[in-house]
Every structure is written in C-alpha cells, then in structure tokens.
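Notes follow once the structure below has been shown.
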Amino acid sequence: VRARVDALRPAFGRLLAADNWLPDAYASPDLKSGMGGGIGQYALYRAEAGSLCLFSLVIPAGAQTPIHDHLAWGVIGVYRGVQDETVYRRTDDGRDASKATLEIARQQTVTHGQFYTLIPPLDDIHYVKTVSDTPSISIHLLAND
C-alpha cells in the first residue's frame with residue numbers, strides 16, 4: 001500500500017497546484033449537509049466497484065469535522081485555505097465497536113498544495129478544522145467509497 005500511495009504523490013501534488021479546475025458547485029459550503037456546520041462533500045469520481053473515490057470536502061471558516069476514520073488508504077491535500085488536522089491513536093483493544101479510547105498522536109497545519117497520507121490503522125482517525133478566514137477545500141483520494 002505504501003508503494004501505491006508514494007507512486008501517487010507527484011500526480012496528486014500537480015492536481016493540488018493546478019488552479020481553477022474545480023467547479024464552484026464543488027467548492028462551496030453546503031448548508032443542508034448531513035455533516036452539519038455547512039460542510040460540503042462532493043464526489044468528483046467514483047470507480048464502479050467502489051474501490052476508489054475522489055471528492056472535494058469544503059469546510060467553512062471556523063468549522064470542523066467530527067472525529068472520524070476512513071478505513072482505507074488515501075491521500076488528502078488542501079486545494080484552498082488552511083486546515084489544522086489532529087490525528088489520534090487508538091489506545092484500547094478495539095473489542096467494543098461502539099466506542100474507542102483515543103489519544104492525540106500528532107497535530108499539523110496543512111496549507112495550499114500540501115498533502116498527507118492515510119494508511120490504516122495508523123493515521124486514519126482524525127478531525128480537520130478550517131483555520132483560514134475563508135472556507136478550506138481539501139481533495140481526497142480514498143481506496144473506498
């Protein structure tokens with residue numbers, strides 16, 4: 001998996017650096033979002049088998065995602081704005097599927113053109129907050145739907 005993710009790095013970096021390719025409809029907050037807080041999630045590409053999904057995530061200024069995991073490898077980068085990401089490490093044994101005990105593993109600020117990888121079970125539990133004055137837009141390439 002790591003080799004596959006590393007092979008994607010150059011193309012993903014070029015995608016984040018390219019300007020004005022993302023239509024406004026996929027770059028705006030969504031006030032009716034099921035995630036709440038105006039967070040918009042927009043599918044850009046989805047493989048028929050559900051093995052790959054590319055989407056934009058728009059988080060309004062000051063808003064944040066809930067703590068979540070993706071359960072798949074992926075590459076996530078900032079296209080516009082600035083995000084703070086907090087990554088958690090699970091400290092319990094995982095026997096209770098309804099809860100998890102977490103501790104902060106690391107925190108980072110991600111700006112335009114920067115990206116990071118998800119390779120479960122490490123780096124997969126996190127939340128993201130927009131810290132710029134404008135909505136942040138991140139592009140996600142995940143190996144699930």
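Quick note on naming: the chains in the structure tokens go A, B, ... in the order shown, residues restart at 1 in each chain, and ligands are numbered from 1 in order of appearance.
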Could you pull the residues within 6 Å of Ser56 of chain A, counting only C-alpha atoms, minus those fewer than 2 positions along the same chain, as a ChimeraX atom specification? /A:41-42,138-139
Please write the residues from the selection above to a file, keeping all heavy atoms, as a short mmCIF file (atom, residue, chain, number, x, y, z; two decimals), in the first residue's frame.
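What follows is the written file part_20.cif:
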```
data_model
loop_
_atom_site.label_atom_id
_atom_site.label_comp_id
_atom_site.auth_asym_id
_atom_site.auth_seq_id
_atom_site.Cartn_x
_atom_site.Cartn_y
_atom_site.Cartn_z
N GLN A 41 -19.50 17.87 0.95
CA GLN A 41 -18.69 16.77 0.41
C GLN A 41 -19.24 16.45 -0.97
O GLN A 41 -20.43 16.15 -1.12
CB GLN A 41 -18.78 15.56 1.33
CG GLN A 41 -17.92 14.41 0.90
CD GLN A 41 -17.91 13.29 1.94
OE1 GLN A 41 -18.00 13.53 3.12
NE2 GLN A 41 -17.81 12.07 1.47
N TYR A 42 -18.36 16.49 -1.99
CA TYR A 42 -18.81 16.37 -3.37
C TYR A 42 -17.98 15.33 -4.12
O TYR A 42 -16.76 15.49 -4.27
CB TYR A 42 -18.68 17.72 -4.07
CG TYR A 42 -19.39 18.84 -3.33
CD1 TYR A 42 -18.68 19.70 -2.49
CD2 TYR A 42 -20.76 19.01 -3.45
CE1 TYR A 42 -19.33 20.72 -1.81
CE2 TYR A 42 -21.42 20.02 -2.77
CZ TYR A 42 -20.69 20.88 -1.95
OH TYR A 42 -21.33 21.87 -1.27
N SER A 138 -10.42 20.66 0.64
CA SER A 138 -9.44 19.58 0.54
C SER A 138 -9.92 18.59 -0.50
O SER A 138 -11.11 18.41 -0.72
CB SER A 138 -9.19 18.92 1.88
OG SER A 138 -10.39 18.48 2.48
N ILE A 139 -8.94 17.97 -1.16
CA ILE A 139 -9.21 16.95 -2.16
C ILE A 139 -8.79 15.62 -1.57
O ILE A 139 -7.68 15.48 -1.05
CB ILE A 139 -8.44 17.24 -3.47
CG1 ILE A 139 -8.76 18.65 -3.99
CG2 ILE A 139 -8.75 16.16 -4.51
CD1 ILE A 139 -10.23 18.90 -4.33
#
```
Skipping near chain neighbours, those fewer than 4 positions away, what residues fall within 8 Å of Lys129 of chain A using only C-alpha atoms, listed as a PDB file with N, CA, C and O atoms, in the first residue's frame?
```pdb
ATOM      1  N   ILE A  59     -14.978  22.947   4.060  1.00  0.00           N
ATOM      2  CA  ILE A  59     -15.240  23.209   5.475  1.00  0.00           C
ATOM      3  C   ILE A  59     -15.227  24.718   5.672  1.00  0.00           C
ATOM      4  O   ILE A  59     -14.197  25.365   5.446  1.00  0.00           O
ATOM      5  N   GLY A  62     -13.732  28.304  10.506  1.00  0.00           N
ATOM      6  CA  GLY A  62     -14.064  28.037  11.899  1.00  0.00           C
ATOM      7  C   GLY A  62     -14.788  26.721  12.146  1.00  0.00           C
ATOM      8  O   GLY A  62     -14.936  26.313  13.285  1.00  0.00           O
ATOM      9  N   ALA A  63     -15.241  26.049  11.102  1.00  0.00           N
ATOM     10  CA  ALA A  63     -15.960  24.780  11.267  1.00  0.00           C
ATOM     11  C   ALA A  63     -14.970  23.618  11.298  1.00  0.00           C
ATOM     12  O   ALA A  63     -13.817  23.747  10.874  1.00  0.00           O
ATOM     13  N   GLN A  64     -15.435  22.477  11.802  1.00  0.00           N
ATOM     14  CA  GLN A  64     -14.594  21.288  11.867  1.00  0.00           C
ATOM     15  C   GLN A  64     -15.417  20.036  11.658  1.00  0.00           C
ATOM     16  O   GLN A  64     -16.620  20.015  11.917  1.00  0.00           O
ATOM     17  N   THR A  65     -14.746  19.004  11.180  1.00  0.00           N
ATOM     18  CA  THR A  65     -15.396  17.707  11.010  1.00  0.00           C
ATOM     19  C   THR A  65     -15.490  17.038  12.374  1.00  0.00           C
ATOM     20  O   THR A  65     -14.745  17.384  13.287  1.00  0.00           O
ATOM     21  N   GLN A  83      -5.985  24.269   6.897  1.00  0.00           N
ATOM     22  CA  GLN A  83      -6.640  23.347   7.821  1.00  0.00           C
ATOM     23  C   GLN A  83      -5.666  22.917   8.913  1.00  0.00           C
ATOM     24  O   GLN A  83      -4.475  22.751   8.654  1.00  0.00           O
ATOM     25  N   ASP A  84      -6.199  22.746  10.102  1.00  0.00           N
ATOM     26  CA  ASP A  84      -5.478  22.069  11.176  1.00  0.00           C
ATOM     27  C   ASP A  84      -6.025  20.653  11.241  1.00  0.00           C
ATOM     28  O   ASP A  84      -7.249  20.457  11.276  1.00  0.00           O
ATOM     29  N   GLU A  85      -5.135  19.674  11.272  1.00  0.00           N
ATOM     30  CA  GLU A  85      -5.532  18.280  11.393  1.00  0.00           C
ATOM     31  C   GLU A  85      -5.006  17.742  12.718  1.00  0.00           C
ATOM     32  O   GLU A  85      -3.848  17.956  13.062  1.00  0.00           O
TER      33      GLU A  85
END
```
Any chance you could list, as number ranges by chain, the residues in chain A that come up strand (DSSP E or B) when DSSP is run on the backbone? A: 40-46, 53-59, 64, 68, 74-80, 83-90, 102-110, 115-119, 122, 125-130, 136-142
Between atom CA of Ala61 of chain A and atom CA of Ala100 of chain A, what is the spacing in Å?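 Interatomic distance here is 28.4 Å.
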